[in-house]
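Novice: Structure: protein-v9.cif, mmCIF, C-alpha atoms.
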data_work
loop_
_atom_site.group_PDB
_atom_site.id
_atom_site.type_symbol
_atom_site.label_atom_id
_atom_site.label_comp_id
_atom_site.auth_asym_id
_atom_site.auth_seq_id
_atom_site.Cartn_x
_atom_site.Cartn_y
_atom_site.Cartn_z
ATOM 1 C CA SER A 1 0.150 8.982 23.347
ATOM 2 C CA PHE A 2 -1.486 12.326 22.667
ATOM 3 C CA GLY A 3 -5.015 10.963 22.712
ATOM 4 C CA VAL A 4 -5.793 11.366 19.025
ATOM 5 C CA PRO A 5 -8.511 8.847 18.097
ATOM 6 C CA VAL A 6 -7.250 5.984 15.958
ATOM 7 C CA VAL A 7 -8.863 4.566 12.835
ATOM 8 C CA MET A 8 -7.513 1.073 12.198
ATOM 9 C CA THR A 9 -7.982 -2.104 10.213
ATOM 10 C CA PRO A 10 -9.234 -5.336 11.799
ATOM 11 C CA PHE A 11 -5.658 -6.680 11.371
ATOM 12 C CA THR A 12 -4.305 -3.947 13.662
ATOM 13 C CA ALA A 13 -7.183 -4.259 16.136
ATOM 14 C CA ASN A 14 -6.833 -8.049 16.345
ATOM 15 C CA SER A 15 -3.085 -7.754 16.801
ATOM 16 C CA PHE A 16 -3.692 -5.752 19.972
ATOM 17 C CA GLY A 17 -6.704 -7.731 21.192
ATOM 18 C CA ILE A 18 -9.111 -4.873 20.463
ATOM 19 C CA LYS A 19 -12.719 -5.570 19.488
ATOM 20 C CA ALA A 20 -14.891 -3.007 17.686
ATOM 21 C CA GLU A 21 -17.380 -3.029 20.576
ATOM 22 C CA ASP A 22 -14.587 -1.950 22.978
ATOM 23 C CA LYS A 23 -14.721 1.516 21.341
ATOM 24 C CA ILE A 24 -10.960 1.780 21.497
ATOM 25 C CA GLY A 25 -10.476 3.443 18.150
ATOM 26 C CA CYS A 26 -12.692 2.931 15.155
ATOM 27 C CA VAL A 27 -12.243 -0.304 13.208
ATOM 28 C CA GLY A 28 -12.922 -0.250 9.462
ATOM 29 C CA ALA A 29 -12.759 -3.477 7.461
ATOM 30 C CA ASP A 30 -13.046 -1.989 3.964
ATOM 31 C CA ALA A 31 -12.836 1.354 2.174
ATOM 32 C CA LYS A 32 -16.444 2.270 2.978
ATOM 33 C CA SER A 33 -16.223 1.503 6.698
ATOM 34 C CA MET A 34 -12.801 3.205 6.955
ATOM 35 C CA LYS A 35 -14.356 6.321 5.394
ATOM 36 C CA GLU A 36 -17.267 6.123 7.849
ATOM 37 C CA CYS A 37 -14.805 5.837 10.752
ATOM 38 C CA ILE A 38 -12.790 8.832 9.607
ATOM 39 C CA MET A 39 -15.856 10.967 8.954
ATOM 40 C CA GLY A 40 -17.585 9.899 12.169
ATOM 41 C CA VAL A 41 -14.584 10.629 14.354
ATOM 42 C CA ASN A 42 -13.864 13.988 12.736
ATOM 43 C CA LEU A 43 -17.459 15.233 12.553
ATOM 44 C CA SER A 44 -18.612 14.298 16.055
ATOM 45 C CA SER A 45 -16.939 15.751 19.119
ATOM 46 C CA SER A 46 -18.731 13.226 21.353
ATOM 47 C CA ILE A 47 -17.321 10.275 19.349
ATOM 48 C CA TRP A 48 -13.885 11.942 19.275
ATOM 49 C CA ASN A 49 -13.901 12.465 23.048
ATOM 50 C CA GLU A 50 -15.244 8.977 23.853
ATOM 51 C CA LEU A 51 -12.629 7.253 21.669
ATOM 52 C CA ARG A 52 -9.879 9.505 22.999
ATOM 53 C CA GLN A 53 -10.728 8.709 26.624
ATOM 54 C CA ASN A 54 -11.082 4.949 25.954
ATOM 55 C CA GLU A 55 -7.782 4.855 24.062
ATOM 56 C CA LEU A 56 -5.864 6.685 26.781
ATOM 57 C CA GLU A 57 -7.258 4.297 29.413
ATOM 58 C CA PHE A 58 -6.395 1.306 27.214
ATOM 59 C CA ILE A 59 -2.815 2.501 26.766
ATOM 60 C CA GLU A 60 -2.384 3.138 30.491
ATOM 61 C CA LYS A 61 -3.674 -0.351 31.358
ATOM 62 C CA THR A 62 -2.073 -2.454 28.679
ATOM 63 C CA HIS A 63 1.003 -0.929 27.124
ATOM 64 C CA ASN A 64 4.580 -0.684 28.017
ATOM 65 C CA ARG A 65 7.402 -0.689 25.487
ATOM 66 C CA ASN A 66 8.292 -4.385 25.867
ATOM 67 C CA ASP A 67 4.677 -5.543 25.557
ATOM 68 C CA LEU A 68 4.191 -3.370 22.482
ATOM 69 C CA VAL A 69 7.313 -4.710 20.761
ATOM 70 C CA THR A 70 6.281 -8.283 21.588
ATOM 71 C CA ALA A 71 2.757 -7.778 20.163
ATOM 72 C CA TRP A 72 4.076 -6.285 16.898
ATOM 73 C CA ASP A 73 6.744 -8.967 16.585
ATOM 74 C CA ARG A 74 4.057 -11.638 16.945
ATOM 75 C CA ALA A 75 1.738 -9.988 14.404
ATOM 76 C CA ILE A 76 4.534 -9.534 11.860
ATOM 77 C CA GLU A 77 5.877 -13.062 12.321
ATOM 78 C CA ILE A 78 2.442 -14.658 11.860
ATOM 79 C CA ASN A 79 1.778 -12.735 8.659
ATOM 80 C CA LEU A 80 5.270 -13.109 7.214
ATOM 81 C CA HIS A 81 4.781 -16.877 7.303
ATOM 82 C CA LYS A 82 1.510 -16.426 5.397
ATOM 83 C CA VAL A 83 3.203 -14.173 2.827
ATOM 84 C CA LYS A 84 6.025 -16.679 2.311
ATOM 85 C CA ASP A 85 3.482 -19.482 1.847
ATOM 86 C CA ILE A 86 1.562 -17.420 -0.705
ATOM 87 C CA ARG A 87 4.662 -16.498 -2.697
ATOM 88 C CA ALA A 88 5.876 -20.117 -2.691
ATOM 89 C CA SER A 89 2.501 -21.575 -3.660
ATOM 90 C CA ASP A 90 1.519 -22.655 -7.144
ATOM 91 C CA ASP A 91 -2.086 -21.731 -6.284
ATOM 92 C CA LYS A 92 -1.690 -18.096 -5.205
ATOM 93 C CA GLU A 93 -5.441 -17.436 -5.470
ATOM 94 C CA LYS A 94 -6.187 -20.143 -2.881
ATOM 95 C CA GLU A 95 -3.389 -19.001 -0.578
ATOM 96 C CA MET A 96 -4.417 -15.323 -0.855
ATOM 97 C CA ARG A 97 -7.739 -16.186 0.778
ATOM 98 C CA LYS A 98 -5.797 -16.909 3.978
ATOM 99 C CA MET A 99 -4.896 -13.224 4.259
ATOM 100 C CA LYS A 100 -7.463 -10.744 5.512
ATOM 101 C CA HIS A 101 -5.854 -7.991 3.418
ATOM 102 C CA GLY A 102 -3.331 -7.586 0.611
ATOM 103 C CA LEU A 103 -0.993 -5.185 2.378
ATOM 104 C CA LEU A 104 1.983 -7.538 2.569
ATOM 105 C CA THR A 105 1.337 -9.740 -0.426
ATOM 106 C CA THR A 106 2.019 -7.402 -3.349
ATOM 107 C CA LYS A 107 5.602 -7.557 -4.491
ATOM 108 C CA ILE A 108 6.739 -4.457 -6.348
ATOM 109 C CA THR A 109 9.496 -4.741 -8.955
ATOM 110 C CA GLU A 110 11.134 -2.372 -11.411
ATOM 111 C CA ALA A 111 9.285 -2.612 -14.676
ATOM 112 C CA LEU A 112 10.494 -4.341 -17.813
ATOM 113 C CA GLY A 113 7.770 -2.607 -19.788
ATOM 114 C CA PRO A 114 4.818 -0.274 -19.314
ATOM 115 C CA CYS A 115 2.020 -1.252 -16.934
ATOM 116 C CA PRO A 116 -1.133 0.564 -15.777
ATOM 117 C CA GLU A 117 0.021 1.127 -12.187
ATOM 118 C CA GLY A 118 3.447 2.309 -13.348
ATOM 119 C CA GLU A 119 1.873 4.802 -15.734
ATOM 120 C CA ARG A 120 -0.436 6.144 -12.990
ATOM 121 C CA PHE A 121 2.341 6.403 -10.397
ATOM 122 C CA TYR A 122 4.799 8.063 -12.770
ATOM 123 C CA ALA A 123 2.158 10.555 -13.970
ATOM 124 C CA LEU A 124 1.294 11.544 -10.400
ATOM 125 C CA LYS A 125 4.896 11.758 -9.281
ATOM 126 C CA HIS A 126 6.180 13.621 -12.351
ATOM 127 C CA PRO A 127 3.507 15.998 -13.729
ATOM 128 C CA HIS A 128 5.942 17.535 -16.238
ATOM 129 C CA VAL A 129 6.297 14.105 -17.848
ATOM 130 C CA GLU A 130 2.501 13.699 -17.872
ATOM 131 C CA ASP A 131 2.334 16.942 -19.830
ATOM 132 C CA ALA A 132 5.026 15.718 -22.260
ATOM 133 C CA VAL A 133 3.139 12.438 -22.806
ATOM 134 C CA LYS A 134 -0.100 14.356 -23.485
ATOM 135 C CA ARG A 135 1.730 16.543 -26.035
ATOM 136 C CA GLY A 136 3.146 13.462 -27.753
ATOM 137 C CA ILE A 137 6.789 14.104 -26.849
ATOM 138 C CA TYR A 138 6.922 10.662 -25.233
ATOM 139 C CA ALA A 139 4.831 7.645 -26.230
ATOM 140 C CA SER A 140 4.310 6.739 -22.545
ATOM 141 C CA HIS A 141 5.615 7.437 -19.066
ATOM 142 C CA PHE A 142 7.639 4.257 -19.351
ATOM 143 C CA ALA A 143 9.270 5.620 -22.523
ATOM 144 C CA HIS A 144 10.396 8.691 -20.554
ATOM 145 C CA PHE A 145 11.666 6.453 -17.761
ATOM 146 C CA VAL A 146 13.740 4.387 -20.214
ATOM 147 C CA GLU A 147 15.181 7.409 -22.019
ATOM 148 C CA ARG A 148 15.777 9.783 -19.106
ATOM 149 C CA GLY A 149 14.012 8.901 -15.879
ATOM 150 C CA ARG A 150 16.142 5.952 -14.790
ATOM 151 C CA ASN A 151 19.325 8.039 -15.157
ATOM 152 C CA GLU A 152 17.690 10.883 -13.207
ATOM 153 C CA GLY A 153 16.915 8.518 -10.314
ATOM 154 C CA LYS A 154 13.189 8.309 -10.996
ATOM 155 C CA LYS A 155 11.265 5.094 -10.235
ATOM 156 C CA TYR A 156 8.782 3.199 -12.395
ATOM 157 C CA HIS A 157 7.308 0.135 -10.698
ATOM 158 C CA CYS A 158 4.838 -2.566 -11.678
ATOM 159 C CA ASP A 159 3.143 -5.153 -9.506
ATOM 160 C CA GLU A 160 4.861 -8.511 -9.812
ATOM 161 C CA ASP A 161 1.484 -10.145 -10.348
ATOM 162 C CA GLU A 162 0.749 -8.611 -13.748
ATOM 163 C CA THR A 163 -1.359 -10.671 -16.099
ATOM 164 C CA GLU A 164 0.497 -12.692 -18.709
ATOM 165 C CA ASP A 165 -1.119 -10.574 -21.434
ATOM 166 C CA THR A 166 0.324 -7.421 -19.891
ATOM 167 C CA LYS A 167 3.750 -9.033 -19.456
ATOM 168 C CA ASN A 168 3.817 -10.366 -22.999
ATOM 169 C CA SER A 169 2.605 -7.173 -24.618
ATOM 170 C CA SER A 170 4.793 -4.818 -22.600
ATOM 171 C CA SER A 171 8.076 -6.589 -21.987
ATOM 172 C CA SER A 172 10.022 -4.008 -23.959
ATOM 173 C CA VAL A 173 9.675 -0.665 -25.663
ATOM 174 C CA SER A 174 9.524 -1.085 -29.421
ATOM 175 C CA VAL A 175 12.132 0.403 -31.735
ATOM 176 C CA ASP A 176 9.468 2.595 -33.322
ATOM 177 C CA GLU A 177 8.540 4.020 -29.929
ATOM 178 C CA GLU A 178 12.161 4.617 -29.011
ATOM 179 C CA ASN A 179 12.899 6.288 -32.336
ATOM 180 C CA SER A 180 9.851 8.562 -32.006
ATOM 181 C CA ILE A 181 10.931 9.818 -28.577
ATOM 182 C CA SER A 182 12.461 13.242 -28.538
ATOM 183 C CA SER A 183 14.489 14.654 -25.676
ATOM 184 C CA MET A 184 12.819 16.806 -23.096
#
Can the structure in the file be given as structure tokens, please?
Specialist:
Amino acid sequence: SFGVPVVMTPFTANSFGIKAEDKIGCVGADAKSMKECIMGVNLSSSIWNELRQNELEFIEKTHNRNDLVTAWDRAIEINLHKVKDIRASDDKEKEMRKMKHGLLTTKITEALGPCPEGERFYALKHPHVEDAVKRGIYASHFAHFVERGRNEGKKYHCDEDETEDTKNSSSSVSVDEENSISSM
């Protein structure tokens, strides 16, 4: 370890037996508290130095390679069982409450049609396509993906847990959209 203070989720802290009051890293449970951790650590040299010293002492006392691998194996195994239960359940909402986060529960699949997260991702990843969509060359980012992107090795992904309305309304690109697409 180089002694760089760690900002972590409660999941990570709990996996290593760390409590927030131990001041071994900064534990943030949500976006706001994670932001406060990051800002606090980076704006205060006294917090930075205190966390750094506590973390180095913690690592010296508690970690060797075998113990670390065992702790991560245990944490992953526990949560993989939860993820499998959620995915197999008919009542996903109820099962999701068993997880403290959604990091492992979102299944990403290649899209069958346009979706909001696919449009955002594709626009960020491929700004030239975003420009073409804005100019009306393509009806959507998904339209570009279907016509050219897939063959160019680009990715367009949607969450598996789309709403039925989104699935039903976007399961394919219409003939009119395909016919209005020009090559880029």
Novice: Starting from the displayed file, determine the output of the PyMOL selection byres ((chain A and resi 17) around 12) and express the residue list as a ChimeraX atom specification.
Specialist: /A:10-16,18-22,24,58,62-63,68,71-72,75
Novice: Exactly which residues make up the result of the PyMOL selection byres ((chain A and resi 3-8) around 7) on this file, given as a ChimeraX atom specification?
Specialist: /A:1-2,9-10,12-13,25-28,37-38,48,51-52,55-56
Novice: Go ahead and save the residues from that selection, with C-alpha atoms, as an mmCIF file, in the coordinates of the input.
Specialist:
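Contents of again_10.cif, as written:
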data_model
loop_
_atom_site.group_PDB
_atom_site.id
_atom_site.type_symbol
_atom_site.label_atom_id
_atom_site.label_comp_id
_atom_site.auth_asym_id
_atom_site.auth_seq_id
_atom_site.Cartn_x
_atom_site.Cartn_y
_atom_site.Cartn_z
ATOM 1 C CA SER A 1 0.150 8.982 23.347
ATOM 2 C CA PHE A 2 -1.486 12.326 22.667
ATOM 3 C CA THR A 9 -7.982 -2.104 10.213
ATOM 4 C CA PRO A 10 -9.234 -5.336 11.799
ATOM 5 C CA THR A 12 -4.305 -3.947 13.662
ATOM 6 C CA ALA A 13 -7.183 -4.259 16.136
ATOM 7 C CA GLY A 25 -10.476 3.443 18.150
ATOM 8 C CA CYS A 26 -12.692 2.931 15.155
ATOM 9 C CA VAL A 27 -12.243 -0.304 13.208
ATOM 10 C CA GLY A 28 -12.922 -0.250 9.462
ATOM 11 C CA CYS A 37 -14.805 5.837 10.752
ATOM 12 C CA ILE A 38 -12.790 8.832 9.607
ATOM 13 C CA TRP A 48 -13.885 11.942 19.275
ATOM 14 C CA LEU A 51 -12.629 7.253 21.669
ATOM 15 C CA ARG A 52 -9.879 9.505 22.999
ATOM 16 C CA GLU A 55 -7.782 4.855 24.062
ATOM 17 C CA LEU A 56 -5.864 6.685 26.781
#
Novice: Taking the file as shown, what set of residues would the PyMOL selection byres ((chain A and resi 157) around 10) give back, as a compact mmCIF listing (two decimals) with C-alpha atoms, in the coordinates of the input?
Specialist:
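Result file is selection.txt:
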# COMPACT_ATOMS: atom_id res chain seq x y z
CA ILE A 108 6.74 -4.46 -6.35
CA THR A 109 9.50 -4.74 -8.96
CA GLU A 110 11.13 -2.37 -11.41
CA ALA A 111 9.28 -2.61 -14.68
CA LEU A 112 10.49 -4.34 -17.81
CA GLY A 113 7.77 -2.61 -19.79
CA PRO A 114 4.82 -0.27 -19.31
CA CYS A 115 2.02 -1.25 -16.93
CA PRO A 116 -1.13 0.56 -15.78
CA GLU A 117 0.02 1.13 -12.19
CA GLY A 118 3.45 2.31 -13.35
CA GLU A 119 1.87 4.80 -15.73
CA PHE A 121 2.34 6.40 -10.40
CA TYR A 122 4.80 8.06 -12.77
CA PHE A 142 7.64 4.26 -19.35
CA LYS A 155 11.26 5.09 -10.24
CA TYR A 156 8.78 3.20 -12.40
CA CYS A 158 4.84 -2.57 -11.68
CA ASP A 159 3.14 -5.15 -9.51
CA GLU A 160 4.86 -8.51 -9.81
Novice: Just to confirm, what's the straight-line distance from atom CA of A:Ala123 to atom CA of A:Gly153 in Å (one decimal)?
Specialist: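 Answer for the atom CA of A:Ala123 to atom CA of A:Gly153 separation: 15.3 Å.
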Novice: Which residues are near A:Gly149? Cut-off 12 Å, only C-alpha atoms, ignore same chain within fewer than 3 positions. Put them as a list in words.
Specialist: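 With the cut-off at 12 Å, the set is Tyr122, Lys125, His126, His128, Val129, Tyr138, Ser140, His141, Phe142, Ala143, His144, Phe145, Val146, Glu152, Gly153, Lys154, Lys155, Tyr156, Ser183 and Met184 of chain A.
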Novice: Pull C-alpha atoms from the residues just selected and write them as a short mmCIF file (atom, residue, chain, number, x, y, z; two decimals), keeping the file's coordinate frame.
Specialist:
data_model
loop_
_atom_site.label_atom_id
_atom_site.label_comp_id
_atom_site.auth_asym_id
_atom_site.auth_seq_id
_atom_site.Cartn_x
_atom_site.Cartn_y
_atom_site.Cartn_z
CA TYR A 122 4.80 8.06 -12.77
CA LYS A 125 4.90 11.76 -9.28
CA HIS A 126 6.18 13.62 -12.35
CA HIS A 128 5.94 17.54 -16.24
CA VAL A 129 6.30 14.10 -17.85
CA TYR A 138 6.92 10.66 -25.23
CA SER A 140 4.31 6.74 -22.54
CA HIS A 141 5.62 7.44 -19.07
CA PHE A 142 7.64 4.26 -19.35
CA ALA A 143 9.27 5.62 -22.52
CA HIS A 144 10.40 8.69 -20.55
CA PHE A 145 11.67 6.45 -17.76
CA VAL A 146 13.74 4.39 -20.21
CA GLU A 152 17.69 10.88 -13.21
CA GLY A 153 16.92 8.52 -10.31
CA LYS A 154 13.19 8.31 -11.00
CA LYS A 155 11.26 5.09 -10.24
CA TYR A 156 8.78 3.20 -12.40
CA SER A 183 14.49 14.65 -25.68
CA MET A 184 12.82 16.81 -23.10
#
Novice: Do you have the atom CA of A:Asn64-atom CA of A:Asn49 distance handy?
Specialist: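 Taking atom CA of A:Asn64 as the start and atom CA of A:Asn49 as the end point, the length is 23.2 Å.
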Novice: Interatomic distance between atom CA of A:Lys23 and atom CA of A:Gln53?
Specialist: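 Separation between atom CA of A:Lys23 and atom CA of A:Gln53: 9.8 Å.
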Novice: If I wrap all listed atoms of stretch 60-78 of chain A in a box with edges along x, y and z and add 6 Å on each side, what are its centre and edge lengths in Å to one decimal, as lines of an AutoDock Vina configuration file?
Specialist:
center_x = 2.3
center_y = -5.8
center_z = 21.6
size_x = 24.0
size_y = 29.8
size_z = 31.5
